[in-house]
file structure_22.cif (mmCIF, C-alpha atoms and all ligand atoms)
data_start
#
loop_
_atom_site.label_atom_id
_atom_site.label_comp_id
_atom_site.auth_asym_id
_atom_site.auth_seq_id
_atom_site.Cartn_x
_atom_site.Cartn_y
_atom_site.Cartn_z
CA MET A 70 84.59 109.98 111.18
CA LYS A 71 83.37 113.54 111.77
CA ARG A 72 80.65 114.97 109.54
CA PHE A 73 81.80 117.08 106.61
CA GLU A 74 80.37 118.89 103.61
CA TYR A 75 81.33 117.47 100.18
CA ILE A 76 81.64 119.57 97.04
CA ARG A 77 83.04 118.78 93.60
CA ALA A 78 85.07 121.41 91.72
CA LEU A 79 85.28 121.57 87.93
CA GLU A 80 87.91 124.32 87.56
CA PRO A 81 91.04 125.05 89.64
CA GLN A 82 89.79 128.57 90.41
CA GLN A 83 86.50 127.10 91.59
CA ALA A 84 88.37 124.57 93.75
CA VAL A 85 90.28 127.26 95.61
CA MET A 86 87.15 129.36 95.98
CA PHE A 87 85.35 126.38 97.51
CA ALA A 88 88.30 125.64 99.79
CA THR A 89 87.22 128.00 102.49
CA PRO A 90 87.04 128.05 105.47
CA LYS A 91 90.49 127.11 106.75
CA GLU A 92 89.27 123.64 107.75
CA ALA A 93 88.51 122.64 104.15
CA SER A 94 90.68 120.00 102.40
CA PHE A 95 91.12 119.00 98.80
CA ILE A 96 90.64 115.32 98.10
CA ALA A 97 92.32 113.59 95.14
CA GLY A 98 92.88 109.81 95.32
CA GLY A 99 91.95 109.85 99.01
CA THR A 100 94.43 107.06 99.78
CA ASN A 101 95.98 109.01 102.65
CA LEU A 102 93.39 111.60 103.55
CA LEU A 103 90.52 109.16 104.09
CA ASP A 104 92.59 107.05 106.50
CA LEU A 105 93.47 110.20 108.42
CA MET A 106 89.83 111.27 108.53
CA LYS A 107 88.65 107.88 109.76
CA LEU A 108 91.10 108.15 112.64
CA GLU A 109 90.06 111.81 113.18
CA ILE A 110 93.66 112.93 112.82
CA GLU A 111 92.41 115.26 110.11
CA THR A 112 88.90 116.61 110.54
CA PRO A 113 88.07 118.88 107.58
CA THR A 114 84.62 120.46 107.73
CA LYS A 115 84.52 120.52 103.93
CA LEU A 116 86.02 118.21 101.30
CA VAL A 117 86.65 119.74 97.90
CA ASP A 118 86.85 116.92 95.36
CA VAL A 119 89.40 117.91 92.72
CA THR A 120 89.32 114.70 90.69
CA ARG A 121 87.22 116.24 87.88
CA LEU A 122 89.67 119.07 87.19
CA GLU A 123 91.31 119.02 83.77
CA LEU A 124 94.72 118.37 85.28
CA GLN A 125 95.30 114.85 84.02
CA GLN A 126 97.75 115.57 81.19
CA ILE A 127 101.51 115.28 80.74
CA GLU A 128 102.84 117.82 78.22
CA THR A 129 106.30 118.55 76.82
CA THR A 130 107.63 122.00 77.73
CA ASN A 131 109.47 124.34 75.34
CA ASP A 132 112.82 123.58 77.00
CA GLY A 133 112.42 119.82 76.61
CA GLY A 134 111.04 119.06 80.06
CA LEU A 135 107.64 117.79 81.16
CA ARG A 136 104.65 119.52 82.75
CA ILE A 137 102.63 117.01 84.74
CA GLY A 138 99.04 117.67 85.82
CA THR A 139 98.50 117.14 89.52
CA LEU A 140 95.82 114.51 88.85
CA VAL A 141 98.03 112.23 86.79
CA SER A 142 97.92 109.01 88.76
CA ASN A 143 101.12 107.52 90.11
CA SER A 144 100.61 104.53 87.79
CA ASP A 145 100.17 106.70 84.69
CA LEU A 146 103.17 108.86 85.56
CA ALA A 147 105.43 105.84 86.10
CA ALA A 148 104.25 104.26 82.83
CA HIS A 149 104.42 107.37 80.63
CA PRO A 150 106.81 106.71 77.69
CA ASP A 151 108.65 110.04 78.17
CA VAL A 152 109.14 109.32 81.86
CA ILE A 153 110.40 105.81 81.21
CA ALA A 154 112.75 107.03 78.45
CA ASN A 155 114.06 110.26 79.98
CA TYR A 156 113.36 110.18 83.73
CA PRO A 157 113.58 106.48 84.61
CA VAL A 158 114.59 107.35 88.17
CA LEU A 159 111.12 108.85 88.65
CA SER A 160 109.38 105.85 87.19
CA ARG A 161 111.42 103.49 89.37
CA ALA A 162 110.82 105.53 92.53
CA ILE A 163 107.06 105.55 92.00
CA LEU A 164 106.94 101.84 91.24
CA ALA A 165 108.90 101.16 94.44
CA GLY A 166 106.04 102.66 96.45
CA ALA A 167 102.74 101.28 97.72
CA THR A 168 100.92 98.74 95.50
CA GLY A 169 99.45 98.72 92.00
CA GLN A 170 95.96 99.39 93.32
CA LEU A 171 97.10 102.32 95.44
CA ARG A 172 99.19 103.79 92.63
CA ASN A 173 96.16 103.66 90.34
CA LYS A 174 94.26 105.91 92.76
CA ALA A 175 97.07 108.07 94.12
CA SER A 176 97.66 111.42 92.41
CA THR A 177 100.87 113.33 91.77
CA GLY A 178 99.85 116.24 94.03
CA GLY A 179 98.54 113.98 96.78
CA ASN A 180 101.74 111.97 96.79
CA PHE A 181 103.78 115.09 97.63
CA LEU A 182 101.45 115.81 100.54
CA GLN A 183 101.11 112.36 102.10
CA ARG A 184 101.84 112.44 105.80
CA THR A 185 104.39 110.63 107.88
CA ARG A 186 104.07 107.01 108.90
CA CYS A 187 105.33 107.63 112.45
CA TYR A 188 103.51 105.10 114.62
CA TYR A 189 102.54 107.68 117.28
CA PHE A 190 101.10 110.07 114.70
CA TYR A 191 98.43 107.43 113.97
CA GLN A 192 98.07 106.38 117.62
CA THR A 193 95.53 108.99 118.61
CA ASP A 194 95.63 108.27 122.34
CA SER A 195 99.35 109.12 122.49
CA ALA A 196 101.10 112.48 122.53
CA CYS A 197 102.49 113.75 119.23
CA ASN A 198 103.71 117.27 118.46
CA LYS A 199 102.82 116.90 114.80
CA ARG A 200 99.22 115.88 115.46
CA ASN A 201 98.72 117.86 118.65
CA PRO A 202 101.28 120.70 118.87
CA GLY A 203 102.96 121.01 122.26
CA SER A 204 101.93 117.54 123.48
CA GLY A 205 105.41 115.99 123.20
CA CYS A 206 107.24 113.45 121.05
CA PRO A 207 107.14 109.90 122.44
CA ALA A 208 109.08 108.65 119.41
CA ILE A 209 112.26 110.16 120.85
CA GLY A 210 113.30 107.35 123.14
CA GLY A 211 110.36 105.22 121.97
CA GLU A 212 109.44 103.30 118.81
CA ASN A 213 111.59 105.02 116.22
CA ARG A 214 113.07 102.28 114.06
CA THR A 215 111.63 103.74 110.83
CA LEU A 216 112.09 107.41 111.69
CA ALA A 217 114.51 110.08 110.50
CA ILE A 218 118.16 110.68 111.32
CA LEU A 219 118.61 113.93 109.37
CA GLY A 220 116.73 117.23 109.68
CA THR A 221 115.22 116.20 113.00
CA SER A 222 114.50 118.44 115.99
CA ASP A 223 113.76 117.99 119.68
CA ALA A 224 110.08 118.29 118.74
CA CYS A 225 109.85 115.68 115.96
CA ILE A 226 111.91 113.00 114.19
CA ALA A 227 109.26 111.80 111.73
CA GLN A 228 110.55 110.64 108.37
CA HIS A 229 109.20 111.96 105.09
CA PRO A 230 107.43 108.99 103.48
CA SER A 231 107.20 109.65 99.72
CA ASP A 232 109.38 107.77 97.22
CA MET A 233 108.18 109.94 94.32
CA ALA A 234 109.17 113.17 96.08
CA VAL A 235 112.76 111.90 96.50
CA ALA A 236 113.07 111.51 92.73
CA MET A 237 111.37 114.87 92.16
CA ARG A 238 113.92 116.52 94.47
CA LEU A 239 116.75 114.84 92.57
CA LEU A 240 115.37 116.08 89.24
CA ASP A 241 114.98 119.70 90.44
CA ALA A 242 111.21 119.64 89.89
CA THR A 243 109.05 122.71 90.46
CA ILE A 244 105.49 122.71 91.79
CA GLU A 245 102.90 125.09 90.30
CA THR A 246 99.98 126.22 92.41
CA VAL A 247 96.95 128.44 92.44
CA LYS A 248 96.29 130.30 95.67
CA ALA A 249 93.02 131.08 97.38
CA ASP A 250 93.05 134.63 95.90
CA GLY A 251 93.37 133.16 92.38
CA SER A 252 97.05 134.08 91.91
CA THR A 253 99.53 131.43 90.85
CA ARG A 254 103.08 130.66 91.92
CA LYS A 255 105.95 128.24 91.36
CA ILE A 256 107.79 126.55 94.20
CA GLU A 257 110.90 124.46 93.69
CA VAL A 258 110.62 121.11 95.45
CA LYS A 259 113.83 121.97 97.32
CA ASP A 260 111.94 124.87 98.95
CA PHE A 261 108.60 123.10 99.34
CA TYR A 262 109.03 121.14 102.57
CA CYS A 263 109.69 122.61 106.03
CA LEU A 264 112.04 121.13 108.59
CA PRO A 265 110.15 120.24 111.79
CA LYS A 266 112.08 122.61 114.11
CA ASP A 267 109.58 123.51 116.85
CA THR A 268 106.56 123.49 114.52
CA PRO A 269 106.41 119.94 113.13
CA HIS A 270 102.71 120.34 112.26
CA ILE A 271 103.75 122.76 109.49
CA GLU A 272 105.09 120.43 106.80
CA ASN A 273 105.26 122.57 103.67
CA VAL A 274 104.97 126.14 102.44
CA LEU A 275 101.49 125.84 100.93
CA GLU A 276 99.05 128.42 102.20
CA SER A 277 95.58 127.52 103.37
CA GLY A 278 93.43 126.70 100.32
CA GLU A 279 96.39 126.63 97.89
CA LEU A 280 96.00 123.99 95.19
CA ILE A 281 98.84 122.16 93.43
CA THR A 282 98.02 122.21 89.71
CA HIS A 283 101.19 120.95 87.98
CA VAL A 284 104.71 119.72 88.48
CA ILE A 285 107.41 120.75 86.05
CA LEU A 286 110.46 118.64 85.29
CA PRO A 287 113.41 120.41 83.64
CA ALA A 288 115.06 118.85 80.59
CA PRO A 289 116.38 115.33 81.27
CA ILE A 290 119.84 114.71 82.72
CA LYS A 291 122.23 112.32 81.04
CA GLY A 292 123.46 109.40 83.08
CA MET A 293 122.42 106.15 84.68
CA HIS A 294 119.14 106.56 86.60
CA THR A 295 118.61 104.26 89.57
CA TYR A 296 116.34 104.03 92.59
CA ASP A 297 117.30 101.69 95.42
CA LYS A 298 114.92 101.16 98.31
CA VAL A 299 115.86 99.21 101.41
CA ARG A 300 112.71 98.14 103.24
CA ASP A 301 111.29 95.43 105.43
CA ARG A 302 109.25 93.74 102.65
CA ALA A 303 109.62 93.68 98.88
CA SER A 304 106.34 95.56 98.42
CA TYR A 305 103.79 97.45 100.46
CA ALA A 306 106.47 98.92 102.73
CA PHE A 307 107.96 102.37 103.17
CA ALA A 308 111.69 102.99 102.79
CA LEU A 309 114.08 102.45 105.65
CA VAL A 310 116.67 104.06 103.39
CA SER A 311 116.31 104.81 99.70
CA CYS A 312 118.58 106.46 97.16
CA ALA A 313 117.60 108.09 93.88
CA ALA A 314 120.63 108.62 91.68
CA VAL A 315 121.65 109.95 88.29
CA ILE A 316 125.31 109.20 87.66
CA ASP A 317 127.34 109.61 84.50
CA VAL A 318 130.84 108.19 84.11
CA ASP A 319 133.19 109.70 81.51
CA ASP A 320 135.46 107.81 79.11
CA SER A 321 138.36 107.84 81.56
CA GLY A 322 136.23 106.24 84.26
CA ASN A 323 135.66 109.36 86.36
CA LEU A 324 132.34 110.43 87.82
CA ASP A 325 131.14 113.14 85.48
CA THR A 326 127.63 113.82 86.81
CA VAL A 327 126.56 112.83 90.31
CA ARG A 328 123.12 113.51 91.69
CA LEU A 329 121.89 111.73 94.80
CA ALA A 330 118.74 112.12 96.87
CA PHE A 331 117.74 109.99 99.82
CA GLY A 332 114.46 108.84 101.31
CA GLY A 333 113.66 107.27 104.67
CA ILE A 334 116.47 109.07 106.49
CA GLY A 335 115.28 112.69 106.39
CA THR A 336 112.35 114.68 107.68
CA GLN A 337 112.08 115.75 104.05
CA PRO A 338 113.47 114.25 100.80
CA TRP A 339 117.19 114.58 101.48
CA ARG A 340 119.72 115.94 99.01
CA ASN A 341 123.11 117.42 99.80
CA GLU A 342 124.71 119.07 96.78
CA ALA A 343 128.08 119.36 98.58
CA VAL A 344 128.24 115.56 98.66
CA GLU A 345 127.61 115.46 94.91
CA ALA A 346 130.33 118.07 94.32
CA LEU A 347 132.80 116.08 96.42
CA LEU A 348 132.27 112.99 94.29
CA THR A 349 132.17 114.72 90.90
CA ASP A 350 135.35 114.52 88.77
CA THR A 351 136.82 111.81 90.96
CA ASP A 352 137.31 108.13 90.26
CA GLY A 353 134.98 107.26 93.15
CA ASN A 354 137.64 105.36 95.11
CA ASP A 355 136.90 104.07 98.60
CA ASP A 356 138.45 107.10 100.32
CA VAL A 357 136.32 109.54 98.35
CA ILE A 358 133.18 107.53 99.03
CA THR A 359 134.03 107.49 102.74
CA GLN A 360 134.48 111.27 102.72
CA ALA A 361 131.18 111.68 100.87
CA ALA A 362 129.35 109.47 103.37
CA ASP A 363 130.96 111.37 106.28
CA LEU A 364 129.72 114.63 104.80
CA LEU A 365 126.24 113.31 104.07
CA LEU A 366 125.88 111.97 107.61
CA LYS A 367 127.77 114.73 109.44
CA ASP A 368 124.66 115.89 111.30
CA ALA A 369 122.91 112.52 111.43
CA LYS A 370 121.44 111.70 114.79
CA GLY A 371 120.07 108.28 115.65
CA SER A 372 117.42 107.98 118.34
CA GLY A 373 118.14 104.41 119.43
CA GLN A 374 116.20 101.91 117.35
CA ASN A 375 116.97 103.80 114.13
CA ASP A 376 120.75 104.08 114.73
CA PHE A 377 121.21 101.34 112.12
CA LYS A 378 120.20 103.78 109.39
CA ILE A 379 123.56 105.53 109.65
CA PRO A 380 125.72 102.54 108.59
CA LEU A 381 122.99 101.38 106.22
CA THR A 382 123.04 104.72 104.39
CA ARG A 383 126.84 104.53 104.12
CA ARG A 384 126.60 101.09 102.57
CA LEU A 385 123.87 102.12 100.16
CA LEU A 386 125.83 105.17 99.01
CA LYS A 387 128.88 103.01 98.36
CA GLN A 388 126.87 100.41 96.47
CA VAL A 389 125.19 103.03 94.26
CA ILE A 390 128.49 104.70 93.31
CA GLN A 391 130.43 101.49 92.76
CA ARG A 392 127.67 99.97 90.67
CA ALA A 393 127.52 103.06 88.45
CA LEU A 394 131.32 102.94 88.01
CA ALA A 395 131.01 99.31 87.02
CA GLY A 396 128.40 100.36 84.43
CA LYS A 397 125.63 98.31 85.96
CA GLY A 398 122.01 99.47 86.44
CA ALA A 399 119.85 98.90 89.53
C1 LIG B 401 99.16 100.83 102.56
C2 LIG B 401 99.86 101.99 101.93
C3 LIG B 401 101.17 101.84 101.54
C4 LIG B 401 101.85 102.92 100.93
N1 LIG B 401 103.15 102.78 100.58
C5 LIG B 401 103.82 103.84 100.03
C6 LIG B 401 105.19 103.74 99.69
O1 LIG B 401 105.84 102.71 99.85
N2 LIG B 401 105.79 104.85 99.16
C7 LIG B 401 105.11 106.00 98.95
O2 LIG B 401 105.70 106.98 98.47
N3 LIG B 401 103.81 106.12 99.30
C8 LIG B 401 103.15 105.07 99.82
N4 LIG B 401 101.86 105.20 100.17
C9 LIG B 401 101.23 106.52 100.14
C10 LIG B 401 100.55 106.85 98.85
O3 LIG B 401 101.55 107.05 97.85
C11 LIG B 401 99.79 108.15 99.10
O4 LIG B 401 98.71 107.83 99.95
C12 LIG B 401 99.27 108.77 97.84
O5 LIG B 401 100.32 109.12 96.97
C13 LIG B 401 98.47 110.04 98.17
O6 LIG B 401 97.87 110.52 96.98
P1 LIG B 401 96.28 110.77 96.94
O7 LIG B 401 95.98 111.36 95.62
O8 LIG B 401 95.52 109.55 97.31
O9 LIG B 401 96.15 111.87 98.08
P2 LIG B 401 94.92 112.21 99.02
O10 LIG B 401 94.81 111.17 100.10
O11 LIG B 401 93.71 112.53 98.22
O12 LIG B 401 95.47 113.56 99.64
C14 LIG B 401 96.62 113.62 100.44
C15 LIG B 401 96.80 115.07 100.89
O13 LIG B 401 97.08 115.90 99.77
C16 LIG B 401 96.13 116.96 99.68
N5 LIG B 401 95.96 117.19 98.24
C17 LIG B 401 95.66 116.27 97.30
N6 LIG B 401 95.73 116.82 96.08
C18 LIG B 401 96.06 118.12 96.26
C19 LIG B 401 96.30 119.22 95.39
N7 LIG B 401 96.19 119.10 94.07
N8 LIG B 401 96.64 120.40 95.92
C20 LIG B 401 96.76 120.56 97.25
N9 LIG B 401 96.52 119.57 98.12
C21 LIG B 401 96.20 118.37 97.64
C22 LIG B 401 94.91 116.46 100.42
O14 LIG B 401 94.13 117.55 100.93
C23 LIG B 401 95.55 115.67 101.53
O15 LIG B 401 95.97 116.53 102.55
C24 LIG B 401 101.16 104.13 100.75
C25 LIG B 401 99.82 104.27 101.12
C26 LIG B 401 99.17 103.21 101.71
C27 LIG B 401 97.73 103.39 102.12
S1 LIG B 402 108.27 111.92 115.60
FE1 LIG B 402 106.87 113.57 115.03
S2 LIG B 402 105.10 112.46 114.28
FE2 LIG B 402 106.26 111.02 115.52
S3 LIG B 402 105.50 111.21 117.65
FE3 LIG B 402 107.18 112.62 117.43
S4 LIG B 402 106.15 114.52 116.92
FE4 LIG B 402 104.72 112.91 116.44
#

call {"tool": "encode", "arguments": {"input": "structure_22.cif", "output": "structure tokens"}}
result
Amino acid sequence: MKRFEYIRALEPQQAVMFATPKEASFIAGGTNLLDLMKLEIETPTKLVDVTRLELQQIETTNDGGLRIGTLVSNSDLAAHPDVIANYPVLSRAILAGATGQLRNKASTGGNFLQRTRCYYFYQTDSACNKRNPGSGCPAIGGENRTLAILGTSDACIAQHPSDMAVAMRLLDATIETVKADGSTRKIEVKDFYCLPKDTPHIENVLESGELITHVILPAPIKGMHTYDKVRDRASYAFALVSCAAVIDVDDSGNLDTVRLAFGGIGTQPWRNEAVEALLTDTDGNDDVITQAADLLLKDAKGSGQNDFKIPLTRRLLKQVIQRALAGKGA
């Protein structure tokens, strides 16, 4: 590990002031950053410890939503009574990730910013456009079983790894930040992540030294909340394909509300509102589900080993819709 300066911030404004120069990083739970530093994939010259900031609370907002401090641990967020009662899809998505020990350490903000699990990204003696821009992408045509099929580019096909972020995308969450100049802003999760295009090392719209302070959830959505995660092991494994869903069925058996977001298949948490619109106000018959899957996967591109994700996503979509129509939870 390279040498670095360590400093602890007590206020958000102090944290962003400390987070200069450009090579500084915030550290929260450290469950991703420290691994990356040990491998010298990330080499900050300064670590700004944000764990003492007063950003550990979950408050109710005036419009019936929740405002979550960035330092709320994944465990505490998943176990919060309001989250369990009103946003169970979020609780389920978080609990589907990592392990109890990791979730106790991992923070809400850090979870959004965890980096891909592409094998070559961690293999520092190999090329990788994300780690070393312009060096190439050996995953295309190489080991890509776990990688993305949607939102990819010729430069990078790395999958977005977070389960929590998939549920946050589904719930139309908004991220609040404070920037290096002390100003604040709000960024909807749908606008937060960047597609890899030809700059896969740029993963989100945060500016240098910008700190996530809160995440806001709008008022809850009525319907059955489910999170399905297909993976290689029952725990301690990232999604091959996952689906966060909120689905409401009306008295006549039609799909009244349909929200779907997918993990494991996209270079960012993947949601396609046109697919939801196609399914809404239908009886969810096989033809409609087929059309929805066709639309969802219209631009999907397998890279060999991960081709199986295309039929697997189709099957998962069908299972989620049919189960909701049958009135059964996950
Ligand atoms: C073995 C293992 C298995 C895992 N399995 C899963 C899984 O199945 N599903 C899943 O979703 N995740 C999984 N994870 C990832 C885990 O969820 C993340 O490591 C964790 O959420 C990161 O949070 P953290 O607080 O530890 O972040 P840190 O490691 O502290 O930071 C991560 C990044 O976020 C930045 N950062 C942190 N806080 C802020 C802030 N407030 N503002 C701006 N930048 C900030 C840091 O600078 C760093 O770049 C796994 C991790 C491990 C090690
Ligand atoms: S897919 Fe992305 S992260 Fe993986 S080797 Fe290619 S450029 Fe690197």

call {"tool": "closest_residue", "arguments": {"input": "structure_22.cif", "among": "A:Glu128, A:Asp241, A:Asp104, A:Asp260", "to": "ligand LIG 401 (chain B)", "atoms": "only C-alpha atoms and all ligand atoms"}}
result
A:Asp104

call {"tool": "residues_near_ligand", "arguments": {"input": "structure_22.cif", "ligand": "ligand LIG 402 (chain B)", "cutoff": "10 Å", "atoms": "all atoms listed in the file", "output": "PyMOL selection string"}}
result
chain A and resi 184-192+195-213+216-217+221-228+265+267-270+336

call {"tool": "residues_around", "arguments": {"input": "structure_22.cif", "residues": "range 279-290 of chain A", "least_positions_apart": "5", "cutoff": "9 Å", "atoms": "only C-alpha atoms", "output": "PyMOL selection string"}}
result
chain A and resi 81+84-85+88+95+124+130+132-140+155-156+177-179+237+240-250+315+326

call {"tool": "closest_atom_pairs", "arguments": {"input": "structure_22.cif", "of": "chain A", "to": "ligand LIG 401 (chain B)", "cutoff": "7 Å", "atoms": "only C-alpha atoms and all ligand atoms", "output": "JSON lines"}}
result
{"residue": "A:Ser94", "atom": "CA", "partner": "B:LIG401", "partner_atom": "O14", "distance": 4.5}
{"residue": "A:Phe95", "atom": "CA", "partner": "B:LIG401", "partner_atom": "O14", "distance": 4.0}
{"residue": "A:Ile96", "atom": "CA", "partner": "B:LIG401", "partner_atom": "O11", "distance": 4.2}
{"residue": "A:Ala97", "atom": "CA", "partner": "B:LIG401", "partner_atom": "O11", "distance": 3.5}
{"residue": "A:Gly98", "atom": "CA", "partner": "B:LIG401", "partner_atom": "O8", "distance": 3.3}
{"residue": "A:Gly99", "atom": "CA", "partner": "B:LIG401", "partner_atom": "O11", "distance": 3.3}
{"residue": "A:Thr100", "atom": "CA", "partner": "B:LIG401", "partner_atom": "O8", "distance": 3.7}
{"residue": "A:Asn101", "atom": "CA", "partner": "B:LIG401", "partner_atom": "O10", "distance": 3.5}
{"residue": "A:Leu102", "atom": "CA", "partner": "B:LIG401", "partner_atom": "O10", "distance": 3.8}
{"residue": "A:Leu103", "atom": "CA", "partner": "B:LIG401", "partner_atom": "O10", "distance": 6.2}
{"residue": "A:Thr139", "atom": "CA", "partner": "B:LIG401", "partner_atom": "N7", "distance": 5.5}
{"residue": "A:Leu140", "atom": "CA", "partner": "B:LIG401", "partner_atom": "N7", "distance": 7.0}
{"residue": "A:Ile163", "atom": "CA", "partner": "B:LIG401", "partner_atom": "O2", "distance": 6.8}
{"residue": "A:Ala165", "atom": "CA", "partner": "B:LIG401", "partner_atom": "O1", "distance": 6.4}
{"residue": "A:Gly166", "atom": "CA", "partner": "B:LIG401", "partner_atom": "O1", "distance": 3.4}
{"residue": "A:Ala167", "atom": "CA", "partner": "B:LIG401", "partner_atom": "N1", "distance": 3.3}
{"residue": "A:Thr168", "atom": "CA", "partner": "B:LIG401", "partner_atom": "C3", "distance": 6.8}
{"residue": "A:Leu171", "atom": "CA", "partner": "B:LIG401", "partner_atom": "C25", "distance": 6.6}
{"residue": "A:Arg172", "atom": "CA", "partner": "B:LIG401", "partner_atom": "O3", "distance": 6.6}
{"residue": "A:Lys174", "atom": "CA", "partner": "B:LIG401", "partner_atom": "O8", "distance": 6.0}
{"residue": "A:Ala175", "atom": "CA", "partner": "B:LIG401", "partner_atom": "O7", "distance": 3.8}
{"residue": "A:Ser176", "atom": "CA", "partner": "B:LIG401", "partner_atom": "O7", "distance": 3.6}
{"residue": "A:Thr177", "atom": "CA", "partner": "B:LIG401", "partner_atom": "O7", "distance": 6.5}
{"residue": "A:Gly178", "atom": "CA", "partner": "B:LIG401", "partner_atom": "N6", "distance": 4.6}
{"residue": "A:Gly179", "atom": "CA", "partner": "B:LIG401", "partner_atom": "O9", "distance": 3.4}
{"residue": "A:Asn180", "atom": "CA", "partner": "B:LIG401", "partner_atom": "O5", "distance": 3.2}
{"residue": "A:Phe181", "atom": "CA", "partner": "B:LIG401", "partner_atom": "O5", "distance": 6.9}
{"residue": "A:Leu182", "atom": "CA", "partner": "B:LIG401", "partner_atom": "O13", "distance": 4.4}
{"residue": "A:Gln183", "atom": "CA", "partner": "B:LIG401", "partner_atom": "C14", "distance": 5.0}
{"residue": "A:Pro230", "atom": "CA", "partner": "B:LIG401", "partner_atom": "O2", "distance": 5.7}
{"residue": "A:Ser231", "atom": "CA", "partner": "B:LIG401", "partner_atom": "O2", "distance": 3.3}
{"residue": "A:Asp232", "atom": "CA", "partner": "B:LIG401", "partner_atom": "O2", "distance": 4.0}
{"residue": "A:Met233", "atom": "CA", "partner": "B:LIG401", "partner_atom": "O2", "distance": 5.7}
{"residue": "A:Glu279", "atom": "CA", "partner": "B:LIG401", "partner_atom": "C20", "distance": 6.1}
{"residue": "A:Leu280", "atom": "CA", "partner": "B:LIG401", "partner_atom": "N8", "distance": 3.7}
{"residue": "A:Ile281", "atom": "CA", "partner": "B:LIG401", "partner_atom": "N8", "distance": 3.8}
{"residue": "A:Thr282", "atom": "CA", "partner": "B:LIG401", "partner_atom": "N7", "distance": 5.7}
{"residue": "A:Tyr305", "atom": "CA", "partner": "B:LIG401", "partner_atom": "C3", "distance": 5.2}
{"residue": "A:Ala306", "atom": "CA", "partner": "B:LIG401", "partner_atom": "O1", "distance": 4.8}
{"residue": "A:Phe307", "atom": "CA", "partner": "B:LIG401", "partner_atom": "O1", "distance": 4.0}
{"residue": "A:Ala308", "atom": "CA", "partner": "B:LIG401", "partner_atom": "O1", "distance": 6.6}

call {"tool": "atom_distance", "arguments": {"input": "structure_22.cif", "atom1": "CA of Ala330 in chain A", "atom2": "CA of Pro380 in chain A"}}
result
16.7 Å

call {"tool": "atom_distance", "arguments": {"input": "structure_22.cif", "atom1": "CA of Asn323 in chain A", "atom2": "CA of Leu366 in chain A"}}
result
23.5 Å

call {"tool": "closest_residue", "arguments": {"input": "structure_22.cif", "among": "A:Ala395, A:Val357, A:Leu219, A:Ala346", "to": "Ile379 in chain A", "atoms": "all atoms listed in the file"}}
result
A:Leu219

call {"tool": "atom_distance", "arguments": {"input": "structure_22.cif", "atom1": "CA of Leu275 in chain A", "atom2": "CA of Gly332 in chain A"}}
result
21.4 Å

call {"tool": "closest_residue", "arguments": {"input": "structure_22.cif", "among": "A:Leu385, A:Leu164, A:Val158, A:Met293", "to": "Asp145 in chain A", "atoms": "all atoms listed in the file"}}
result
A:Leu164

call {"tool": "closest_residue", "arguments": {"input": "structure_22.cif", "among": "A:Asp317, A:Glu111, A:Asp356, A:Glu276", "to": "Ser252 in chain A", "atoms": "only C-alpha atoms"}}
result
A:Glu276

call {"tool": "residues_around", "arguments": {"input": "structure_22.cif", "residues": "Thr295 in chain A", "least_positions_apart": "5", "cutoff": "9 Å", "atoms": "only C-alpha atoms", "output": "short mmCIF file (atom, residue, chain, number, x, y, z; two decimals) with C-alpha atoms, in the coordinates of the input"}}
result
data_model
loop_
_atom_site.label_atom_id
_atom_site.label_comp_id
_atom_site.auth_asym_id
_atom_site.auth_seq_id
_atom_site.Cartn_x
_atom_site.Cartn_y
_atom_site.Cartn_z
CA PRO A 157 113.58 106.48 84.61
CA VAL A 158 114.59 107.35 88.17
CA LEU A 159 111.12 108.85 88.65
CA ARG A 161 111.42 103.49 89.37
CA ALA A 162 110.82 105.53 92.53
CA CYS A 312 118.58 106.46 97.16
CA ALA A 313 117.60 108.09 93.88
CA ALA A 314 120.63 108.62 91.68
CA VAL A 315 121.65 109.95 88.29
CA ILE A 316 125.31 109.20 87.66
CA VAL A 389 125.19 103.03 94.26
CA GLY A 398 122.01 99.47 86.44
CA ALA A 399 119.85 98.90 89.53
#
